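J.: Contents are compact mmCIF, N, CA and C atoms; file name start31.txt:
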```
# COMPACT_ATOMS: atom_id res chain seq x y z
N MET A 254 9.39 -38.88 46.14
CA MET A 254 8.93 -37.82 45.27
C MET A 254 7.51 -38.16 44.82
N LYS A 255 6.60 -37.21 44.98
CA LYS A 255 5.21 -37.40 44.61
C LYS A 255 5.02 -37.14 43.12
N ARG A 256 4.34 -38.09 42.45
CA ARG A 256 4.11 -37.95 41.02
C ARG A 256 2.77 -37.25 40.80
N LEU A 257 2.81 -36.21 39.97
CA LEU A 257 1.60 -35.46 39.66
C LEU A 257 0.92 -36.05 38.44
N GLY A 258 -0.41 -36.05 38.46
CA GLY A 258 -1.19 -36.52 37.32
C GLY A 258 -1.35 -35.41 36.30
N PRO A 259 -2.03 -35.70 35.23
CA PRO A 259 -2.24 -34.67 34.21
C PRO A 259 -3.16 -33.56 34.74
N PRO A 260 -3.04 -32.38 34.18
CA PRO A 260 -3.91 -31.27 34.61
C PRO A 260 -5.38 -31.61 34.37
N ALA A 261 -6.25 -30.91 35.07
CA ALA A 261 -7.69 -31.17 34.99
C ALA A 261 -8.22 -31.00 33.56
N ALA A 262 -7.71 -30.01 32.84
CA ALA A 262 -8.18 -29.79 31.47
C ALA A 262 -7.85 -30.98 30.57
N VAL A 263 -6.69 -31.58 30.76
CA VAL A 263 -6.29 -32.74 29.96
C VAL A 263 -7.16 -33.93 30.32
N ARG A 264 -7.40 -34.14 31.62
CA ARG A 264 -8.27 -35.24 32.05
C ARG A 264 -9.67 -35.06 31.47
N HIS A 265 -10.16 -33.82 31.49
CA HIS A 265 -11.49 -33.54 30.96
C HIS A 265 -11.54 -33.82 29.45
N ALA A 266 -10.50 -33.42 28.73
CA ALA A 266 -10.45 -33.66 27.28
C ALA A 266 -10.43 -35.16 26.99
N PHE A 267 -9.67 -35.91 27.76
CA PHE A 267 -9.64 -37.36 27.56
C PHE A 267 -10.98 -38.00 27.89
N ALA A 268 -11.65 -37.51 28.93
CA ALA A 268 -12.97 -38.03 29.28
C ALA A 268 -13.97 -37.74 28.16
N LEU A 269 -13.92 -36.53 27.60
CA LEU A 269 -14.79 -36.19 26.47
C LEU A 269 -14.52 -37.09 25.27
N ALA A 270 -13.25 -37.29 24.97
CA ALA A 270 -12.89 -38.12 23.82
C ALA A 270 -13.35 -39.55 24.03
N GLU A 271 -13.22 -40.06 25.24
CA GLU A 271 -13.66 -41.42 25.54
C GLU A 271 -15.18 -41.56 25.40
N ARG A 272 -15.91 -40.58 25.91
CA ARG A 272 -17.37 -40.61 25.79
C ARG A 272 -17.81 -40.58 24.33
N GLU A 273 -17.18 -39.73 23.54
CA GLU A 273 -17.53 -39.62 22.13
C GLU A 273 -17.12 -40.88 21.36
N ARG A 274 -16.01 -41.49 21.76
CA ARG A 274 -15.59 -42.74 21.13
C ARG A 274 -16.64 -43.83 21.36
N LYS A 275 -17.14 -43.91 22.59
CA LYS A 275 -18.17 -44.90 22.90
C LYS A 275 -19.45 -44.62 22.11
N TYR A 276 -19.80 -43.34 21.98
CA TYR A 276 -20.98 -42.97 21.20
C TYR A 276 -20.82 -43.39 19.74
N LEU A 277 -19.66 -43.07 19.16
CA LEU A 277 -19.40 -43.43 17.76
C LEU A 277 -19.48 -44.94 17.56
N LEU A 278 -18.85 -45.69 18.46
CA LEU A 278 -18.87 -47.15 18.33
C LEU A 278 -20.28 -47.70 18.43
N SER A 279 -21.07 -47.15 19.34
CA SER A 279 -22.44 -47.64 19.48
C SER A 279 -23.27 -47.32 18.24
N GLU A 280 -23.10 -46.13 17.68
CA GLU A 280 -23.85 -45.76 16.48
C GLU A 280 -23.40 -46.58 15.27
N LEU A 281 -22.10 -46.78 15.13
CA LEU A 281 -21.61 -47.56 14.00
C LEU A 281 -22.02 -49.02 14.10
N SER A 282 -22.12 -49.53 15.32
CA SER A 282 -22.55 -50.93 15.46
C SER A 282 -24.01 -51.11 15.05
N ARG A 283 -24.80 -50.05 15.14
CA ARG A 283 -26.21 -50.12 14.73
C ARG A 283 -26.40 -50.08 13.22
N VAL A 284 -25.35 -49.71 12.49
CA VAL A 284 -25.44 -49.58 11.03
C VAL A 284 -25.13 -50.91 10.34
N ARG A 285 -24.84 -51.93 11.11
CA ARG A 285 -24.56 -53.24 10.50
C ARG A 285 -25.77 -53.68 9.69
N GLY A 286 -25.49 -54.29 8.57
CA GLY A 286 -26.58 -54.74 7.71
C GLY A 286 -26.94 -53.74 6.62
N LEU A 287 -26.28 -52.60 6.61
CA LEU A 287 -26.58 -51.58 5.60
C LEU A 287 -26.10 -52.03 4.21
N MET A 288 -24.91 -52.59 4.12
CA MET A 288 -24.38 -52.97 2.80
C MET A 288 -25.24 -54.03 2.10
N PRO A 289 -25.67 -55.08 2.78
CA PRO A 289 -26.55 -56.03 2.07
C PRO A 289 -27.84 -55.38 1.57
N LEU A 290 -28.37 -54.43 2.34
CA LEU A 290 -29.57 -53.71 1.89
C LEU A 290 -29.29 -52.88 0.65
N LEU A 291 -28.15 -52.19 0.65
CA LEU A 291 -27.80 -51.36 -0.49
C LEU A 291 -27.54 -52.19 -1.75
N MET A 292 -27.08 -53.42 -1.58
CA MET A 292 -26.73 -54.27 -2.72
C MET A 292 -27.94 -55.00 -3.31
N LYS A 293 -29.09 -54.93 -2.68
CA LYS A 293 -30.26 -55.67 -3.19
C LYS A 293 -30.59 -55.32 -4.64
N PRO A 294 -30.71 -54.05 -5.04
CA PRO A 294 -31.03 -53.75 -6.44
C PRO A 294 -29.96 -54.26 -7.42
N ARG A 295 -28.71 -54.22 -6.98
CA ARG A 295 -27.65 -54.71 -7.86
C ARG A 295 -27.75 -56.22 -8.04
N ASN A 296 -28.26 -56.89 -7.02
CA ASN A 296 -28.43 -58.34 -7.10
C ASN A 296 -29.81 -58.72 -7.65
N LYS A 297 -30.42 -57.76 -8.33
CA LYS A 297 -31.72 -57.97 -8.98
C LYS A 297 -32.83 -58.35 -8.00
N GLN A 298 -32.79 -57.71 -6.83
CA GLN A 298 -33.85 -57.87 -5.83
C GLN A 298 -34.50 -56.51 -5.62
N LYS A 299 -35.73 -56.51 -5.19
CA LYS A 299 -36.45 -55.26 -4.93
C LYS A 299 -36.43 -54.97 -3.43
N TRP A 300 -36.46 -53.67 -3.12
CA TRP A 300 -36.57 -53.26 -1.72
C TRP A 300 -38.03 -53.36 -1.29
N THR A 301 -38.26 -53.96 -0.15
CA THR A 301 -39.59 -54.01 0.42
C THR A 301 -39.82 -52.71 1.20
N PRO A 302 -41.06 -52.38 1.55
CA PRO A 302 -41.28 -51.19 2.39
C PRO A 302 -40.51 -51.26 3.71
N GLN A 303 -40.35 -52.45 4.25
CA GLN A 303 -39.57 -52.61 5.49
C GLN A 303 -38.09 -52.29 5.22
N ASP A 304 -37.56 -52.72 4.08
CA ASP A 304 -36.18 -52.40 3.71
C ASP A 304 -35.98 -50.90 3.57
N LYS A 305 -36.95 -50.25 2.93
CA LYS A 305 -36.85 -48.80 2.74
C LYS A 305 -36.87 -48.06 4.08
N ALA A 306 -37.70 -48.51 5.00
CA ALA A 306 -37.74 -47.89 6.33
C ALA A 306 -36.41 -48.10 7.06
N GLU A 307 -35.84 -49.29 6.91
CA GLU A 307 -34.56 -49.58 7.53
C GLU A 307 -33.44 -48.72 6.92
N LEU A 308 -33.48 -48.54 5.61
CA LEU A 308 -32.50 -47.67 4.94
C LEU A 308 -32.60 -46.23 5.44
N ARG A 309 -33.83 -45.73 5.58
CA ARG A 309 -34.02 -44.37 6.10
C ARG A 309 -33.41 -44.24 7.50
N ALA A 310 -33.65 -45.24 8.34
CA ALA A 310 -33.11 -45.20 9.70
C ALA A 310 -31.59 -45.22 9.69
N HIS A 311 -31.00 -46.05 8.82
CA HIS A 311 -29.54 -46.11 8.73
C HIS A 311 -28.97 -44.78 8.28
N PHE A 312 -29.57 -44.18 7.25
CA PHE A 312 -29.05 -42.92 6.74
C PHE A 312 -29.23 -41.77 7.73
N LYS A 313 -30.30 -41.79 8.47
CA LYS A 313 -30.50 -40.78 9.50
C LYS A 313 -29.42 -40.91 10.58
N ARG A 314 -29.13 -42.13 10.96
CA ARG A 314 -28.10 -42.38 11.97
C ARG A 314 -26.74 -41.95 11.44
N LEU A 315 -26.44 -42.27 10.18
CA LEU A 315 -25.15 -41.87 9.60
C LEU A 315 -25.03 -40.36 9.44
N SER A 316 -26.13 -39.68 9.14
CA SER A 316 -26.05 -38.23 8.97
C SER A 316 -25.71 -37.54 10.27
N SER A 317 -26.08 -38.12 11.40
CA SER A 317 -25.72 -37.51 12.68
C SER A 317 -24.24 -37.69 12.98
N LEU A 318 -23.57 -38.61 12.30
CA LEU A 318 -22.15 -38.85 12.51
C LEU A 318 -21.26 -38.07 11.54
N SER A 319 -21.84 -37.39 10.58
CA SER A 319 -21.04 -36.72 9.55
C SER A 319 -20.05 -35.69 10.11
N PRO A 320 -20.37 -34.92 11.15
CA PRO A 320 -19.34 -34.00 11.66
C PRO A 320 -18.08 -34.72 12.13
N TYR A 321 -18.22 -35.90 12.66
CA TYR A 321 -17.04 -36.66 13.10
C TYR A 321 -16.19 -37.06 11.90
N PHE A 322 -16.84 -37.52 10.83
CA PHE A 322 -16.09 -37.95 9.66
C PHE A 322 -15.36 -36.77 9.03
N VAL A 323 -15.99 -35.62 8.98
CA VAL A 323 -15.35 -34.43 8.42
C VAL A 323 -14.13 -34.05 9.25
N ALA A 324 -14.26 -34.08 10.57
CA ALA A 324 -13.15 -33.70 11.45
C ALA A 324 -11.99 -34.67 11.33
N VAL A 325 -12.25 -35.93 11.13
CA VAL A 325 -11.18 -36.92 11.04
C VAL A 325 -10.49 -36.85 9.69
N VAL A 326 -11.23 -36.53 8.63
CA VAL A 326 -10.66 -36.50 7.29
C VAL A 326 -9.84 -35.23 7.06
N MET A 327 -10.22 -34.14 7.70
CA MET A 327 -9.51 -32.87 7.52
C MET A 327 -8.05 -33.01 7.98
N PRO A 328 -7.14 -32.23 7.37
CA PRO A 328 -5.76 -32.21 7.89
C PRO A 328 -5.77 -31.68 9.33
N GLY A 329 -5.12 -32.39 10.20
CA GLY A 329 -5.10 -32.01 11.61
C GLY A 329 -6.40 -32.34 12.32
N GLY A 330 -7.23 -33.14 11.70
CA GLY A 330 -8.54 -33.47 12.26
C GLY A 330 -8.47 -34.15 13.61
N PHE A 331 -7.43 -34.94 13.83
CA PHE A 331 -7.29 -35.62 15.12
C PHE A 331 -7.20 -34.61 16.26
N PHE A 332 -6.57 -33.46 16.00
CA PHE A 332 -6.42 -32.45 17.03
C PHE A 332 -7.68 -31.60 17.18
N VAL A 333 -8.53 -31.59 16.16
CA VAL A 333 -9.77 -30.82 16.20
C VAL A 333 -10.89 -31.61 16.89
N LEU A 334 -10.75 -32.91 16.96
CA LEU A 334 -11.81 -33.76 17.50
C LEU A 334 -12.22 -33.40 18.94
N PRO A 335 -11.28 -33.13 19.87
CA PRO A 335 -11.74 -32.73 21.21
C PRO A 335 -12.55 -31.43 21.20
N ALA A 336 -12.19 -30.48 20.35
CA ALA A 336 -12.97 -29.24 20.25
C ALA A 336 -14.34 -29.53 19.67
N LEU A 337 -14.41 -30.42 18.71
CA LEU A 337 -15.69 -30.80 18.12
C LEU A 337 -16.57 -31.49 19.14
N THR A 338 -16.01 -32.35 19.96
CA THR A 338 -16.82 -33.02 20.98
C THR A 338 -17.37 -32.02 21.98
N TRP A 339 -16.55 -31.02 22.33
CA TRP A 339 -17.03 -29.99 23.26
C TRP A 339 -18.18 -29.21 22.62
N TRP A 340 -18.02 -28.87 21.34
CA TRP A 340 -19.03 -28.07 20.65
C TRP A 340 -20.34 -28.85 20.49
N LEU A 341 -20.24 -30.15 20.24
CA LEU A 341 -21.42 -30.97 20.04
C LEU A 341 -22.08 -31.42 21.34
N ASP A 342 -21.44 -31.14 22.46
CA ASP A 342 -21.95 -31.59 23.75
C ASP A 342 -23.27 -30.89 24.05
N ARG A 343 -24.35 -31.62 23.99
CA ARG A 343 -25.67 -31.04 24.22
C ARG A 343 -25.87 -30.66 25.68
N ARG A 344 -25.20 -31.37 26.55
CA ARG A 344 -25.35 -31.06 27.97
C ARG A 344 -24.75 -29.70 28.32
N ARG A 345 -23.74 -29.28 27.55
CA ARG A 345 -23.11 -27.98 27.80
C ARG A 345 -24.15 -26.87 27.71
N ASN A 346 -25.04 -26.95 26.72
CA ASN A 346 -26.07 -25.93 26.54
C ASN A 346 -27.05 -25.93 27.70
N ARG A 347 -27.36 -27.11 28.23
CA ARG A 347 -28.29 -27.19 29.36
C ARG A 347 -27.70 -26.62 30.63
N ARG A 348 -26.37 -26.71 30.78
CA ARG A 348 -25.72 -26.17 31.97
C ARG A 348 -25.70 -24.65 31.96
N LEU A 349 -25.65 -24.07 30.74
CA LEU A 349 -25.58 -22.61 30.64
C LEU A 349 -26.92 -21.96 30.98
N ILE A 350 -28.01 -22.66 30.73
CA ILE A 350 -29.33 -22.13 30.99
C ILE A 350 -29.83 -22.71 32.31
N ALA A 351 -29.88 -21.87 33.33
CA ALA A 351 -30.33 -22.35 34.64
C ALA A 351 -31.85 -22.51 34.62
N PRO A 352 -32.36 -23.59 35.20
CA PRO A 352 -33.81 -23.78 35.24
C PRO A 352 -34.47 -22.73 36.13
N ALA A 353 -35.61 -22.24 35.67
CA ALA A 353 -36.35 -21.24 36.44
C ALA A 353 -37.05 -21.92 37.62
N LYS A 354 -36.91 -21.31 38.77
CA LYS A 354 -37.53 -21.87 39.97
C LYS A 354 -38.93 -21.32 40.13
N SER A 355 -39.89 -22.20 40.33
CA SER A 355 -41.25 -21.74 40.55
C SER A 355 -41.45 -21.57 42.03
N GLY A 356 -42.07 -20.48 42.39
CA GLY A 356 -42.08 -20.22 43.79
C GLY A 356 -43.33 -19.96 44.41
```
Could you take the file, read its structure, and then write that structure out as structure tokens?

T.:
Amino acid sequence: MKRLGPPAAVRHAFALAERERKYLLSELSRVRGLMPLLMKPRNKQKWTPQDKAELRAHFKRLSSLSPYFVAVVMPGGFFVLPALTWWLDRRRNRRLIAPAKSG
């Protein structure tokens, strides 16, 4: 008896989820060092201009991840995540617009 694999739509959804998981992990790994920076004023230290630039970069990176956090926190968010990844897929927009051929 031949065993059938999952349908193409399910495979595609899992591939999307895996790609987004890798993206999230890579972005979150870049945010390391944020807490010590945030704690400097509490520890009676001043932020240097370099610290401030690093904080801006961290917050910019975190702001791009906010849709993921909202989807995960919402009730049923785990089931909404594949739809969110499809919606956020920037390549999808490029596929819809065919490049004009110069002739």

J.: Which parts of segment 272-321 of chain A does DSSP call alpha helix (DSSP H) when run on the backbone here, written out as a VMD selection string?

T.: chain A and resid 272 to 282 287 to 292 302 to 321

J.: For atom CA of Ala261 of chain A and atom CA of Pro335 of chain A, quote the distance in Å rounded to one decimal.

T.: 14.4 Å

J.: May I ask for the distance between atom N of Val333 of chain A and atom N of Glu271 of chain A, given in Å to one decimal place?

T.: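 Separating atom N of Val333 of chain A from atom N of Glu271 of chain A is a distance of 13.3 Å.
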
J.: Please indicate the distance in Å from atom CA of Pro260 of chain A to atom CA of Tyr321 of chain A, rounded to one decimal place.

T.: 25.8 Å

J.: Find the spatial neighbours of Leu287 of chain A, counting all atoms listed in the file, within a cut-off of 8 Å - ignore same-chain residues fewer than 3 positions away - and output them as a count of residues only.

T.: 8

J.: Please identify all polymer residues lying at most 9 Å from the point (-12.0, -36.3, 23.6) (file coordinates), using only C-alpha atoms, and present the result as a PDB file with N, CA and C atoms, keeping the file's coordinate frame.

T.:
```pdb
ATOM      1  N   HIS A 265     -10.160 -33.820  31.490  1.00  0.00           N
ATOM      2  CA  HIS A 265     -11.490 -33.540  30.960  1.00  0.00           C
ATOM      3  C   HIS A 265     -11.540 -33.820  29.450  1.00  0.00           C
ATOM      4  N   ALA A 266     -10.500 -33.420  28.730  1.00  0.00           N
ATOM      5  CA  ALA A 266     -10.450 -33.660  27.280  1.00  0.00           C
ATOM      6  C   ALA A 266     -10.430 -35.160  26.990  1.00  0.00           C
ATOM      7  N   PHE A 267      -9.670 -35.910  27.760  1.00  0.00           N
ATOM      8  CA  PHE A 267      -9.640 -37.360  27.560  1.00  0.00           C
ATOM      9  C   PHE A 267     -10.980 -38.000  27.890  1.00  0.00           C
ATOM     10  N   ALA A 268     -11.650 -37.510  28.930  1.00  0.00           N
ATOM     11  CA  ALA A 268     -12.970 -38.030  29.280  1.00  0.00           C
ATOM     12  C   ALA A 268     -13.970 -37.740  28.160  1.00  0.00           C
ATOM     13  N   LEU A 269     -13.920 -36.530  27.600  1.00  0.00           N
ATOM     14  CA  LEU A 269     -14.790 -36.190  26.470  1.00  0.00           C
ATOM     15  C   LEU A 269     -14.520 -37.090  25.270  1.00  0.00           C
ATOM     16  N   ALA A 270     -13.250 -37.290  24.970  1.00  0.00           N
ATOM     17  CA  ALA A 270     -12.890 -38.120  23.820  1.00  0.00           C
ATOM     18  C   ALA A 270     -13.350 -39.550  24.030  1.00  0.00           C
ATOM     19  N   GLU A 271     -13.220 -40.060  25.240  1.00  0.00           N
ATOM     20  CA  GLU A 271     -13.660 -41.420  25.540  1.00  0.00           C
ATOM     21  C   GLU A 271     -15.180 -41.560  25.400  1.00  0.00           C
ATOM     22  N   ARG A 272     -15.910 -40.580  25.910  1.00  0.00           N
ATOM     23  CA  ARG A 272     -17.370 -40.610  25.790  1.00  0.00           C
ATOM     24  C   ARG A 272     -17.810 -40.580  24.330  1.00  0.00           C
ATOM     25  N   GLU A 273     -17.180 -39.730  23.540  1.00  0.00           N
ATOM     26  CA  GLU A 273     -17.530 -39.620  22.130  1.00  0.00           C
ATOM     27  C   GLU A 273     -17.120 -40.880  21.360  1.00  0.00           C
ATOM     28  N   ARG A 274     -16.010 -41.490  21.760  1.00  0.00           N
ATOM     29  CA  ARG A 274     -15.590 -42.740  21.130  1.00  0.00           C
ATOM     30  C   ARG A 274     -16.640 -43.830  21.360  1.00  0.00           C
ATOM     31  N   LEU A 334     -10.750 -32.910  16.960  1.00  0.00           N
ATOM     32  CA  LEU A 334     -11.810 -33.760  17.500  1.00  0.00           C
ATOM     33  C   LEU A 334     -12.220 -33.400  18.940  1.00  0.00           C
ATOM     34  N   PRO A 335     -11.280 -33.130  19.870  1.00  0.00           N
ATOM     35  CA  PRO A 335     -11.740 -32.730  21.210  1.00  0.00           C
ATOM     36  C   PRO A 335     -12.550 -31.430  21.200  1.00  0.00           C
ATOM     37  N   ALA A 336     -12.190 -30.480  20.350  1.00  0.00           N
ATOM     38  CA  ALA A 336     -12.970 -29.240  20.250  1.00  0.00           C
ATOM     39  C   ALA A 336     -14.340 -29.530  19.670  1.00  0.00           C
ATOM     40  N   LEU A 337     -14.410 -30.420  18.710  1.00  0.00           N
ATOM     41  CA  LEU A 337     -15.690 -30.800  18.120  1.00  0.00           C
ATOM     42  C   LEU A 337     -16.570 -31.490  19.140  1.00  0.00           C
ATOM     43  N   THR A 338     -16.010 -32.350  19.960  1.00  0.00           N
ATOM     44  CA  THR A 338     -16.820 -33.020  20.980  1.00  0.00           C
ATOM     45  C   THR A 338     -17.370 -32.020  21.980  1.00  0.00           C
ATOM     46  N   TRP A 339     -16.550 -31.020  22.330  1.00  0.00           N
ATOM     47  CA  TRP A 339     -17.030 -29.990  23.260  1.00  0.00           C
ATOM     48  C   TRP A 339     -18.180 -29.210  22.620  1.00  0.00           C
TER      49      TRP A 339
END
```

J.: Nearest to Ser317 of chain A among A:Tyr276, A:Gly329, A:Lys299, A:Arg285, with distances taken over only C-alpha atoms: which residue is it?

T.: A:Tyr276
